[in-house]
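Engineer: Below is the file data_8.cif, which contains mmCIF, C-alpha atoms.
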data_upload
#
loop_
_atom_site.label_atom_id
_atom_site.label_comp_id
_atom_site.auth_asym_id
_atom_site.auth_seq_id
_atom_site.Cartn_x
_atom_site.Cartn_y
_atom_site.Cartn_z
CA MET A 1 97.89 -10.78 -4.34
CA LYS A 2 94.27 -11.45 -3.37
CA GLN A 3 92.98 -8.63 -5.57
CA ILE A 4 94.62 -9.78 -8.78
CA MET A 5 92.10 -9.69 -11.63
CA LYS A 6 92.29 -10.56 -15.32
CA ALA A 7 93.49 -7.84 -17.69
CA ILE A 8 93.18 -7.13 -21.36
CA ALA A 9 96.30 -7.70 -23.46
CA ALA A 10 95.65 -6.29 -26.89
CA GLY A 11 96.70 -8.30 -29.93
CA MET A 12 96.59 -7.94 -33.67
CA LEU A 13 94.53 -10.45 -35.64
CA THR A 14 96.26 -12.72 -38.09
CA LEU A 15 93.98 -14.55 -40.45
CA GLY A 16 94.43 -18.04 -41.85
CA ILE A 17 92.49 -18.63 -45.04
CA ALA A 18 90.50 -21.74 -45.86
CA THR A 19 87.39 -22.52 -47.87
CA LEU A 20 84.15 -22.67 -45.90
CA THR A 21 81.17 -24.75 -46.94
CA THR A 22 78.29 -22.98 -45.19
CA THR A 23 76.02 -21.13 -47.60
CA PRO A 24 76.49 -17.38 -47.07
CA ALA A 25 73.56 -15.35 -45.78
CA ARG A 26 72.05 -12.94 -48.29
CA ALA A 27 73.24 -9.41 -47.70
CA ASP A 28 69.63 -8.21 -47.35
CA GLU A 29 68.79 -10.65 -44.53
CA LYS A 30 68.57 -9.58 -40.92
CA VAL A 31 71.06 -11.34 -38.68
CA THR A 32 70.06 -12.80 -35.33
CA LEU A 33 73.30 -13.80 -33.69
CA GLY A 34 73.42 -15.97 -30.58
CA VAL A 35 76.39 -15.74 -28.23
CA ALA A 36 76.93 -18.72 -25.90
CA ILE A 37 79.61 -18.25 -23.24
CA PRO A 38 80.49 -19.52 -19.74
CA THR A 39 79.36 -17.57 -16.70
CA ALA A 40 81.86 -15.23 -15.02
CA ASP A 41 83.20 -17.84 -12.61
CA HIS A 42 86.76 -16.46 -12.61
CA GLY A 43 88.63 -13.43 -13.88
CA PHE A 44 89.11 -14.52 -17.48
CA THR A 45 85.50 -15.55 -18.04
CA GLY A 46 84.50 -12.34 -16.31
CA GLY A 47 86.35 -10.59 -19.10
CA ILE A 48 84.64 -12.78 -21.69
CA VAL A 49 81.19 -11.80 -20.36
CA TRP A 50 82.12 -8.11 -20.21
CA TRP A 51 83.46 -8.01 -23.76
CA ALA A 52 80.51 -10.04 -25.12
CA ASN A 53 78.00 -7.59 -23.69
CA LYS A 54 80.03 -4.65 -24.94
CA ALA A 55 79.99 -6.19 -28.42
CA LYS A 56 76.19 -6.55 -28.22
CA ALA A 57 75.77 -2.90 -27.22
CA ASP A 58 78.22 -1.54 -29.79
CA LEU A 59 77.08 -3.67 -32.72
CA GLU A 60 73.32 -3.37 -32.21
CA LYS A 61 73.77 0.42 -32.08
CA ALA A 62 75.79 0.39 -35.30
CA HIS A 63 73.64 -2.12 -37.23
CA PRO A 64 69.79 -1.84 -37.08
CA ASP A 65 69.44 -5.17 -38.90
CA LEU A 66 71.41 -7.04 -36.21
CA LYS A 67 70.12 -8.61 -33.01
CA VAL A 68 72.61 -10.14 -30.56
CA ILE A 69 71.44 -12.53 -27.82
CA VAL A 70 73.99 -13.32 -25.09
CA LYS A 71 73.57 -16.48 -22.99
CA THR A 72 75.83 -17.50 -20.11
CA ALA A 73 76.05 -21.06 -18.77
CA ALA A 74 77.46 -22.47 -15.53
CA ASN A 75 78.20 -25.90 -17.01
CA ALA A 76 78.29 -27.85 -20.26
CA PRO A 77 74.75 -29.35 -20.08
CA GLU A 78 73.26 -25.91 -19.45
CA GLN A 79 75.12 -24.51 -22.44
CA ALA A 80 73.90 -27.37 -24.64
CA ASN A 81 70.31 -26.61 -23.60
CA GLN A 82 70.82 -22.94 -24.34
CA LEU A 83 71.91 -23.80 -27.88
CA GLN A 84 68.59 -25.54 -28.44
CA ASP A 85 66.70 -22.50 -27.15
CA LEU A 86 68.70 -20.13 -29.33
CA VAL A 87 67.71 -22.12 -32.41
CA THR A 88 64.10 -22.98 -31.59
CA VAL A 89 63.00 -19.95 -29.56
CA ASN A 90 65.25 -17.12 -30.72
CA LYS A 91 65.54 -18.34 -34.33
CA ILE A 92 69.22 -17.45 -34.65
CA ASN A 93 70.95 -17.67 -38.02
CA ALA A 94 74.47 -17.15 -36.64
CA LEU A 95 76.22 -18.39 -33.49
CA VAL A 96 79.38 -17.38 -31.68
CA ILE A 97 80.19 -19.93 -28.98
CA PHE A 98 82.90 -20.08 -26.36
CA PRO A 99 82.34 -23.75 -25.42
CA TYR A 100 82.26 -24.58 -21.72
CA GLU A 101 84.04 -27.82 -22.64
CA SER A 102 85.28 -29.19 -25.94
CA ALA A 103 84.11 -32.79 -26.23
CA SER A 104 80.67 -32.49 -24.64
CA LEU A 105 79.70 -29.43 -26.72
CA THR A 106 80.87 -30.71 -30.10
CA GLN A 107 77.73 -32.66 -30.96
CA PRO A 108 75.29 -29.96 -29.76
CA VAL A 109 77.12 -27.38 -31.86
CA ALA A 110 77.15 -29.74 -34.84
CA GLN A 111 73.37 -30.03 -34.55
CA VAL A 112 73.05 -26.25 -34.64
CA LYS A 113 75.22 -26.05 -37.76
CA LYS A 114 73.14 -28.75 -39.48
CA LYS A 115 70.12 -26.46 -39.13
CA GLY A 116 71.81 -23.87 -41.33
CA VAL A 117 73.22 -21.65 -38.59
CA TYR A 118 76.63 -20.11 -39.28
CA VAL A 119 78.94 -21.13 -36.41
CA THR A 120 82.03 -19.35 -35.09
CA VAL A 121 83.81 -21.19 -32.26
CA VAL A 122 85.99 -19.17 -29.90
CA ASP A 123 89.01 -20.26 -27.86
CA ARG A 124 87.99 -23.72 -26.59
CA GLY A 125 87.96 -25.62 -29.87
CA LEU A 126 85.62 -28.49 -30.66
CA THR A 127 86.88 -32.05 -31.05
CA ASP A 128 85.43 -32.16 -34.58
CA THR A 129 86.12 -29.03 -36.61
CA SER A 130 83.49 -29.93 -39.19
CA ALA A 131 80.95 -28.73 -36.60
CA GLN A 132 82.10 -25.13 -37.13
CA ASP A 133 82.51 -22.59 -39.92
CA ALA A 134 85.19 -20.44 -38.31
CA TYR A 135 87.51 -20.48 -35.30
CA VAL A 136 88.88 -17.49 -33.35
CA ALA A 137 91.42 -17.99 -30.56
CA GLY A 138 94.52 -16.80 -28.84
CA ASP A 139 97.84 -18.41 -29.67
CA ASN A 140 97.70 -21.43 -27.36
CA THR A 141 100.94 -22.87 -28.70
CA ALA A 142 102.80 -19.69 -27.76
CA PHE A 143 100.93 -19.60 -24.44
CA GLY A 144 102.63 -22.88 -23.51
CA LYS A 145 105.91 -22.40 -25.34
CA ILE A 146 106.79 -18.94 -23.96
CA PRO A 147 106.59 -19.90 -20.24
CA ALA A 148 108.60 -23.09 -20.86
CA GLU A 149 111.35 -21.16 -22.64
CA TYR A 150 111.36 -18.51 -19.92
CA LEU A 151 111.54 -21.04 -17.08
CA ALA A 152 114.26 -23.08 -18.79
CA LYS A 153 116.41 -19.97 -19.16
CA ALA A 154 115.66 -18.65 -15.66
CA LEU A 155 116.51 -22.03 -14.09
CA ASP A 156 119.65 -22.36 -16.19
CA GLY A 157 118.36 -25.61 -17.67
CA LYS A 158 117.95 -27.55 -14.44
CA GLY A 159 115.38 -27.84 -11.64
CA ASP A 160 112.08 -29.28 -10.45
CA ILE A 161 108.78 -27.87 -11.75
CA VAL A 162 105.13 -28.48 -10.87
CA ALA A 163 102.34 -27.48 -13.22
CA LEU A 164 98.65 -26.65 -12.96
CA ARG A 165 96.46 -27.21 -16.01
CA GLY A 166 93.07 -25.66 -16.76
CA ILE A 167 89.92 -27.53 -17.80
CA PRO A 168 90.15 -30.55 -20.16
CA THR A 169 89.82 -28.76 -23.51
CA THR A 170 91.60 -28.71 -26.84
CA LEU A 171 93.26 -25.41 -25.96
CA ASP A 172 94.60 -26.79 -22.67
CA ASN A 173 96.00 -29.76 -24.60
CA GLU A 174 97.67 -27.39 -27.07
CA ARG A 175 99.25 -25.41 -24.25
CA TRP A 176 100.44 -28.50 -22.42
CA THR A 177 101.89 -30.08 -25.58
CA ALA A 178 103.77 -26.87 -26.36
CA PHE A 179 105.04 -26.50 -22.79
CA THR A 180 106.31 -30.07 -22.48
CA GLY A 181 107.64 -29.99 -26.04
CA VAL A 182 110.06 -27.23 -25.11
CA LEU A 183 111.16 -28.91 -21.88
CA LYS A 184 112.02 -32.15 -23.70
CA ASN A 185 115.11 -30.25 -24.78
CA TYR A 186 116.13 -29.80 -21.13
CA PRO A 187 116.68 -33.26 -19.60
CA ASN A 188 117.77 -31.73 -16.28
CA ILE A 189 114.40 -30.06 -15.77
CA LYS A 190 111.88 -32.44 -14.21
CA ILE A 191 108.11 -31.93 -14.16
CA LEU A 192 107.18 -33.44 -10.80
CA ASP A 193 103.41 -33.44 -11.46
CA ALA A 194 100.68 -31.69 -13.43
CA LYS A 195 97.05 -31.56 -12.29
CA TYR A 196 93.92 -29.78 -13.48
CA ALA A 197 92.91 -26.80 -11.33
CA ASN A 198 90.11 -25.54 -13.59
CA TRP A 199 91.48 -22.01 -14.06
CA ASN A 200 90.20 -21.37 -10.55
CA ARG A 201 92.19 -19.80 -7.72
CA ASP A 202 90.55 -21.90 -4.97
CA ASP A 203 91.16 -25.16 -6.85
CA ALA A 204 94.72 -24.02 -7.56
CA PHE A 205 95.25 -23.33 -3.87
CA LYS A 206 94.25 -26.92 -3.05
CA VAL A 207 96.38 -28.42 -5.81
CA MET A 208 99.39 -26.38 -4.72
CA GLN A 209 98.88 -27.40 -1.09
CA ASP A 210 99.07 -31.01 -2.25
CA TYR A 211 102.26 -30.32 -4.19
CA LEU A 212 103.85 -28.57 -1.22
CA THR A 213 103.03 -31.53 1.02
CA ARG A 214 104.36 -34.16 -1.38
CA PHE A 215 107.40 -32.37 -2.77
CA LYS A 216 109.97 -31.02 -0.33
CA HIS A 217 111.79 -29.08 -3.03
CA ILE A 218 110.24 -27.17 -5.95
CA ASP A 219 112.11 -24.63 -8.06
CA ALA A 220 109.28 -23.20 -10.15
CA VAL A 221 105.53 -23.40 -10.77
CA TRP A 222 103.78 -23.10 -14.10
CA ALA A 223 100.32 -22.01 -12.98
CA ALA A 224 99.17 -21.54 -16.60
CA ASP A 225 96.65 -18.85 -15.62
CA ASP A 226 96.79 -15.65 -13.57
CA ASP A 227 93.84 -16.63 -11.37
CA MET A 228 95.48 -19.98 -10.61
CA ALA A 229 98.73 -18.16 -9.86
CA VAL A 230 96.90 -16.25 -7.10
CA GLY A 231 95.93 -19.52 -5.43
CA VAL A 232 99.45 -20.86 -5.86
CA ILE A 233 101.02 -17.79 -4.22
CA LYS A 234 98.58 -18.04 -1.31
CA ALA A 235 99.51 -21.69 -0.70
CA ILE A 236 103.23 -20.92 -0.88
CA ASP A 237 102.86 -18.02 1.56
CA GLN A 238 100.86 -20.11 4.04
CA ALA A 239 103.40 -22.93 3.88
CA LYS A 240 106.25 -20.42 4.29
CA ARG A 241 108.21 -22.14 1.54
CA THR A 242 111.33 -20.35 0.38
CA ASP A 243 112.65 -22.86 -2.17
CA ILE A 244 110.34 -21.76 -5.01
CA LYS A 245 112.00 -19.16 -7.23
CA ILE A 246 109.34 -18.45 -9.87
CA VAL A 247 105.57 -18.65 -10.33
CA PHE A 248 104.49 -18.14 -13.94
CA GLY A 249 100.79 -17.50 -14.58
CA GLY A 250 99.26 -16.50 -17.88
CA ALA A 251 96.82 -14.21 -19.74
CA GLY A 252 98.12 -10.78 -18.76
CA SER A 253 95.67 -9.80 -16.02
CA LYS A 254 96.04 -6.18 -14.97
CA GLY A 255 96.88 -7.22 -11.41
CA MET A 256 99.57 -9.62 -12.55
CA VAL A 257 101.02 -7.18 -15.07
CA LYS A 258 101.21 -4.55 -12.30
CA ILE A 259 103.11 -7.03 -10.13
CA VAL A 260 105.54 -7.68 -12.99
CA MET A 261 105.97 -3.91 -13.42
CA ASP A 262 106.71 -3.53 -9.72
CA GLY A 263 109.39 -6.26 -9.80
CA ALA A 264 107.85 -8.77 -7.38
CA PRO A 265 110.21 -11.61 -6.38
CA LEU A 266 108.13 -14.60 -7.54
CA ILE A 267 106.13 -13.11 -10.43
CA LYS A 268 108.82 -11.97 -12.86
CA ALA A 269 106.97 -12.43 -16.16
CA ASP A 270 103.64 -13.27 -17.75
CA VAL A 271 102.24 -14.13 -21.18
CA SER A 272 99.46 -12.23 -22.95
CA TYR A 273 96.12 -13.85 -23.86
CA SER A 274 93.27 -11.36 -24.14
CA PRO A 275 89.59 -12.27 -23.64
CA LYS A 276 88.82 -9.39 -26.01
CA PHE A 277 88.85 -12.02 -28.76
CA ILE A 278 85.19 -12.73 -27.94
CA TYR A 279 84.39 -9.11 -28.95
CA ASP A 280 86.46 -9.54 -32.10
CA ALA A 281 84.76 -12.85 -32.92
CA ILE A 282 81.26 -11.40 -32.47
CA LYS A 283 82.11 -8.28 -34.51
CA LEU A 284 83.78 -10.21 -37.33
CA THR A 285 80.95 -12.75 -37.51
CA ALA A 286 78.12 -10.21 -37.35
CA GLU A 287 79.57 -7.85 -39.93
CA ALA A 288 80.46 -10.70 -42.30
CA ARG A 289 76.96 -12.20 -42.13
CA LEU A 290 75.32 -8.80 -42.59
CA LYS A 291 77.26 -8.53 -45.87
CA GLY A 292 76.53 -12.14 -46.83
CA ASP A 293 80.21 -12.98 -46.38
CA LYS A 294 82.06 -15.66 -44.42
CA LEU A 295 85.18 -15.55 -42.24
CA PRO A 296 88.55 -17.20 -42.79
CA ALA A 297 88.60 -20.65 -41.23
CA THR A 298 91.02 -19.54 -38.50
CA THR A 299 91.81 -16.25 -36.77
CA ILE A 300 94.70 -16.35 -34.27
CA ILE A 301 95.62 -13.59 -31.82
CA PRO A 302 99.34 -13.70 -30.91
CA SER A 303 100.61 -14.22 -27.36
CA VAL A 304 103.81 -12.47 -26.26
CA LEU A 305 106.11 -12.49 -23.23
CA ILE A 306 105.41 -9.73 -20.70
CA THR A 307 108.38 -8.62 -18.60
CA LYS A 308 109.21 -5.59 -16.48
CA GLU A 309 110.69 -3.96 -19.58
CA ASN A 310 107.49 -4.03 -21.67
CA ALA A 311 104.76 -4.45 -19.03
CA LYS A 312 103.45 -0.88 -19.44
CA GLU A 313 102.31 -1.80 -22.96
CA PHE A 314 99.99 -4.46 -21.47
CA TYR A 315 98.71 -2.60 -18.41
CA PHE A 316 95.12 -1.34 -18.73
CA PRO A 317 93.98 -0.13 -15.28
CA GLU A 318 90.47 0.76 -16.52
CA SER A 319 89.79 -2.73 -17.83
CA PRO A 320 87.38 -5.01 -15.90
CA PHE A 321 90.02 -7.62 -15.09
#
Show me this structure written as C-alpha cells.
Structural biologist:
Amino acid sequence: MKQIMKAIAAGMLTLGIATLTTTPARADEKVTLGVAIPTADHGFTGGIVWWANKAKADLEKAHPDLKVIVKTAANAPEQANQLQDLVTVNKINALVIFPYESASLTQPVAQVKKKGVYVTVVDRGLTDTSAQDAYVAGDNTAFGKIPAEYLAKALDGKGDIVALRGIPTTLDNERWTAFTGVLKNYPNIKILDAKYANWNRDDAFKVMQDYLTRFKHIDAVWAADDDMAVGVIKAIDQAKRTDIKIVFGGAGSKGMVKIVMDGAPLIKADVSYSPKFIYDAIKLTAEARLKGDKLPATTIIPSVLITKENAKEFYFPESPF
C-alpha cells in the first residue's frame, strides 16, 4: 500500500459553450503563456507538474511563436506573488492556473485578467467566475456521486461511514455536496464525521487515527483521494480493525487501480479523475490564442466508476503516478 501513486485515467472532453468577453488575441501575435500550479506535494499534484512540463515541451516544439513559463508554488501567497511576476517580469498574455486555493487566489487572478491577460482556470475553481475566461476541470459532481452510490449499494443501504475531505476549495465543496446529496436518500446510512485531510496521506493517517479512537464501529470510509486512502489503510492496519468493509479513494492512481484489479479486500473500486487535464487546458488555451480564438466557458472531463471488471482500461503502468 505504501507505494501507491497517482495514475492517469484518460477522459474525453465535453465542451460547454458560453460567450466570453475577453478580447481575442490577434492571430499574428506571439503568445507568452504562464502556467501557475501547486508544487508536487502529493501524487496528484505530482501528476499535474509532470503533465504541465510535458505540455510546455510538446507545445513549444510544435509552435515557434509560443513560450510557456511554468511556475510551481508551495502555498497560496507564493502563487499570488508568482502571478505578479508572470505579468510584470515575463509579460504574459495568457494564463493557465491551477489555484492552490479558491478564495485566496480569486482576487489575484482577477487582477491579472484586468490587465488584459486571457485566463483559463483549471480544477480548483475561483469563488468569482468573472475573474476567468475559461474553466477546465474533471467532473467533481460525479467524483462525489459515484462513491456514494457505490457505498450505498455495497452496504445494502445501512451502516456508519466516516469521510475525509481535501482542501477547502470549490471542487471539494462540489464533491461533498454530491456525495451527501446521494446519501440523503439512505436514512439508515450515517456519516459519523467528515474532516479535511488536505489530499495528503500523512494528514489522512492522523485523521483516520482520530476516527478509529472515537468510533468503535465503522463500516466504510470515503477517503475521497487515493493518496488519502493510503493513509487511511495504514491507520486501519495499525489499529488492527476488522469492522471496516470498504475504503473508497478517488482519482484512479495506477497503484490503486492495480489493487482493484487484484481484488484487494478493502479497495474494491475507485473513480477516475485524471490530472492530464492540465495538459489539455494548456494545449487548448495556447492553440486557441495562437489563432486569435477563445475557448468555451467550460470544459468538463467525465469521471467513471473503476471496478475489477474495467480496471485494465484505466491502468497505465508507465505513467508517473
Engineer: Give me the residues near A:Leu105 as a list in words, where near means some atom within 8 Å (using only C-alpha atoms) and where sequence neighbours in that chain fewer than 5 positions away do not count.
Structural biologist: Ala76, Gln79, Ala80, Pro99, Tyr100 and Leu126 of chain A
Engineer: Kindly assemble as a Markdown table a list of the stretch 67-118 of chain A residues that lie within 8 Å of stretch 154-173 of chain A, each paired with its nearest atom pair and their distance in Å to one decimal, using all atoms listed in the file, sorted first by chain and then by ascending residue number.
Structural biologist:
| residue | atom | partner | partner_atom | distance |
| --- | --- | --- | --- | --- |
| A:Glu101 | CA | A:Thr169 | CA | 5.9 |
| A:Ser102 | CA | A:Thr169 | CA | 5.2 |
| A:Ala103 | CA | A:Thr169 | CA | 7.5 |
Engineer: Smallest atom-to-atom distance to A:Lys254: which of A:Leu290, A:Ile97, A:Ala311, A:Val207, using only C-alpha atoms?
Structural biologist: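 Between A:Leu290, A:Ile97, A:Ala311, A:Val207, the residue approaching A:Lys254 most closely is A:Ala311.
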Engineer: Calculate how many Å separate atom CA of A:Phe321 from atom CA of A:Leu266, rounding to one decimal.
Structural biologist: 20.8 Å
Engineer: Kindly give the distance, in Å, that separates atom CA of A:Thr88 and atom CA of A:Val68, rounded to a single decimal.
Structural biologist: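 Between atom CA of A:Thr88 and atom CA of A:Val68 the gap is 15.4 Å.
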Engineer: Using all atoms listed in the file, determine which residues lie at most 12 Å from A:Lys56, disregarding the query and same-chain residues fewer than 6 positions distant; provide the list as a list in words.
Structural biologist: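 Returned residues: Thr32, Leu33, Gly34, Val35, Val49, Trp50, Ala62, His63, Pro64, Leu66, Lys67, Val68, Ile69, Val70, Lys71, Val96, Ile278, Tyr279, Asp280, Ala281, Ile282, Lys283 and Ala286 of chain A.
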Engineer: Using atom CA of A:Ala142 and atom CA of A:Met208 as the two end points, give the distance in Å to one decimal.
Structural biologist: 24.2 Å
Engineer: Using all atoms listed in the file - which residues lie no farther than 12 Å from the point (115.3, -31.4, -16.8) in the file's frame? Write them as a PDB file with C-alpha atoms, in the frame of the given file.
Structural biologist:
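Written output follows (result-v4.pdb):
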ATOM      1  CA  ALA A 148     108.600 -23.090 -20.860  1.00  0.00           C
ATOM      2  CA  LEU A 151     111.540 -21.040 -17.080  1.00  0.00           C
ATOM      3  CA  ALA A 152     114.260 -23.080 -18.790  1.00  0.00           C
ATOM      4  CA  LYS A 153     116.410 -19.970 -19.160  1.00  0.00           C
ATOM      5  CA  LEU A 155     116.510 -22.030 -14.090  1.00  0.00           C
ATOM      6  CA  ASP A 156     119.650 -22.360 -16.190  1.00  0.00           C
ATOM      7  CA  GLY A 157     118.360 -25.610 -17.670  1.00  0.00           C
ATOM      8  CA  LYS A 158     117.950 -27.550 -14.440  1.00  0.00           C
ATOM      9  CA  GLY A 159     115.380 -27.840 -11.640  1.00  0.00           C
ATOM     10  CA  ASP A 160     112.080 -29.280 -10.450  1.00  0.00           C
ATOM     11  CA  ILE A 161     108.780 -27.870 -11.750  1.00  0.00           C
ATOM     12  CA  THR A 180     106.310 -30.070 -22.480  1.00  0.00           C
ATOM     13  CA  VAL A 182     110.060 -27.230 -25.110  1.00  0.00           C
ATOM     14  CA  LEU A 183     111.160 -28.910 -21.880  1.00  0.00           C
ATOM     15  CA  LYS A 184     112.020 -32.150 -23.700  1.00  0.00           C
ATOM     16  CA  ASN A 185     115.110 -30.250 -24.780  1.00  0.00           C
ATOM     17  CA  TYR A 186     116.130 -29.800 -21.130  1.00  0.00           C
ATOM     18  CA  PRO A 187     116.680 -33.260 -19.600  1.00  0.00           C
ATOM     19  CA  ASN A 188     117.770 -31.730 -16.280  1.00  0.00           C
ATOM     20  CA  ILE A 189     114.400 -30.060 -15.770  1.00  0.00           C
ATOM     21  CA  LYS A 190     111.880 -32.440 -14.210  1.00  0.00           C
ATOM     22  CA  ILE A 191     108.110 -31.930 -14.160  1.00  0.00           C
ATOM     23  CA  LEU A 192     107.180 -33.440 -10.800  1.00  0.00           C
ATOM     24  CA  ASP A 219     112.110 -24.630  -8.060  1.00  0.00           C
TER      25      ASP A 219
END
Engineer: Tell me which residues come within 12 Å of (106.8, -30.1, 0.6), as JSON, numbers by chain, counting all atoms listed in the file in the file's coordinates.
Structural biologist: {"A": [162, 192, 208, 209, 210, 211, 212, 213, 214, 215, 216, 217, 218, 219, 235, 236, 239, 240, 241, 242, 243, 244]}
Engineer: Which residues, written as a compact mmCIF listing (two decimals) with C-alpha atoms, keeping the file's coordinate frame, have at least one atom at most 7 Å from A:Ser272, with all atoms listed in the file counted and residues fewer than 4 positions away on the same chain left out?
Structural biologist:
# COMPACT_ATOMS: atom_id res chain seq x y z
CA ALA A 9 96.30 -7.70 -23.46
CA GLY A 250 99.26 -16.50 -17.88
CA ALA A 251 96.82 -14.21 -19.74
CA GLY A 252 98.12 -10.78 -18.76
CA SER A 303 100.61 -14.22 -27.36
CA VAL A 304 103.81 -12.47 -26.26
CA LEU A 305 106.11 -12.49 -23.23
CA ILE A 306 105.41 -9.73 -20.70
Engineer: Contacts of stretch 39-44 of chain A at 10 Å or less, counting only C-alpha atoms, minus same-chain residues fewer than 2 places along, as an mmCIF file with C-alpha atoms, in the coordinates of the input?
Structural biologist:
data_model
loop_
_atom_site.group_PDB
_atom_site.id
_atom_site.type_symbol
_atom_site.label_atom_id
_atom_site.label_comp_id
_atom_site.auth_asym_id
_atom_site.auth_seq_id
_atom_site.Cartn_x
_atom_site.Cartn_y
_atom_site.Cartn_z
ATOM 1 C CA ILE A 4 94.620 -9.780 -8.780
ATOM 2 C CA MET A 5 92.100 -9.690 -11.630
ATOM 3 C CA LYS A 6 92.290 -10.560 -15.320
ATOM 4 C CA ALA A 7 93.490 -7.840 -17.690
ATOM 5 C CA ILE A 8 93.180 -7.130 -21.360
ATOM 6 C CA ALA A 36 76.930 -18.720 -25.900
ATOM 7 C CA ILE A 37 79.610 -18.250 -23.240
ATOM 8 C CA GLY A 46 84.500 -12.340 -16.310
ATOM 9 C CA GLY A 47 86.350 -10.590 -19.100
ATOM 10 C CA ILE A 48 84.640 -12.780 -21.690
ATOM 11 C CA VAL A 49 81.190 -11.800 -20.360
ATOM 12 C CA TRP A 50 82.120 -8.110 -20.210
ATOM 13 C CA LYS A 71 73.570 -16.480 -22.990
ATOM 14 C CA THR A 72 75.830 -17.500 -20.110
ATOM 15 C CA ALA A 73 76.050 -21.060 -18.770
ATOM 16 C CA ALA A 74 77.460 -22.470 -15.530
ATOM 17 C CA ASN A 75 78.200 -25.900 -17.010
ATOM 18 C CA GLN A 79 75.120 -24.510 -22.440
ATOM 19 C CA TYR A 100 82.260 -24.580 -21.720
ATOM 20 C CA ASN A 198 90.110 -25.540 -13.590
ATOM 21 C CA TRP A 199 91.480 -22.010 -14.060
ATOM 22 C CA ASN A 200 90.200 -21.370 -10.550
ATOM 23 C CA ARG A 201 92.190 -19.800 -7.720
ATOM 24 C CA ASP A 225 96.650 -18.850 -15.620
ATOM 25 C CA ASP A 226 96.790 -15.650 -13.570
ATOM 26 C CA ASP A 227 93.840 -16.630 -11.370
ATOM 27 C CA MET A 228 95.480 -19.980 -10.610
ATOM 28 C CA ALA A 251 96.820 -14.210 -19.740
ATOM 29 C CA GLY A 252 98.120 -10.780 -18.760
ATOM 30 C CA SER A 253 95.670 -9.800 -16.020
ATOM 31 C CA TYR A 273 96.120 -13.850 -23.860
ATOM 32 C CA SER A 274 93.270 -11.360 -24.140
ATOM 33 C CA PRO A 275 89.590 -12.270 -23.640
ATOM 34 C CA LYS A 276 88.820 -9.390 -26.010
ATOM 35 C CA PRO A 320 87.380 -5.010 -15.900
ATOM 36 C CA PHE A 321 90.020 -7.620 -15.090
#
Engineer: With all atoms listed in the file as the atoms that count, which of A:Lys113, A:Tyr150, A:Ala269, A:Tyr315 lies nearest to A:Asp133?
Structural biologist: A:Lys113
Engineer: Determine the nearest neighbour of A:Glu313 from the options A:Arg124, A:Lys61, A:Lys258, A:Lys54, counting only C-alpha atoms.
Structural biologist: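 For A:Glu313, the nearest of the candidates is A:Lys258.
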Engineer: Measuring atom to atom with all atoms listed in the file, identify which of A:Trp176, A:Tyr135, A:Tyr196, A:Phe277 is nearest to A:Thr45.
Structural biologist: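 Nearest candidate to A:Thr45 out of A:Trp176, A:Tyr135, A:Tyr196, A:Phe277: A:Phe277.
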Engineer: So that I can see what lies close to A:Gly144, please list as a list in words the residues with an atom at most 7 Å from it, counting all atoms listed in the file and leaving out residues fewer than 2 positions away in the same chain.
Structural biologist: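 Listing them by chain and then by number gives Asn140, Thr141, Ala142, Ile146, Pro147, Ala148, Arg175, Trp176, Ala178 and Phe179 of chain A.
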Engineer: Could you check the closest approach to A:Thr285 for each of A:Ala264, A:Lys245, A:Lys234, A:Ala94 and tell me which residue wins, using all atoms listed in the file?
Structural biologist: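 Residue with the minimum atom-to-atom distance to A:Thr285: A:Ala94.
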Engineer: Could you tell me which of A:Val119, A:Leu59, A:Val109, A:Val136 comes closest to A:Ile300 if we count all atoms listed in the file?
Structural biologist: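 Among the listed residues, A:Val136 lies closest to A:Ile300.
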Engineer: Starting from 5 Å padding per side, set up an axis-aligned box that covers all listed atoms of stretch 129-145 of chain A and hand over centre and edge lengths in Å, one decimal, as lines of an AutoDock Vina configuration file.
Structural biologist:
center_x = 93.4
center_y = -23.4
center_z = -31.7
size_x = 35.0
size_y = 23.1
size_z = 26.4
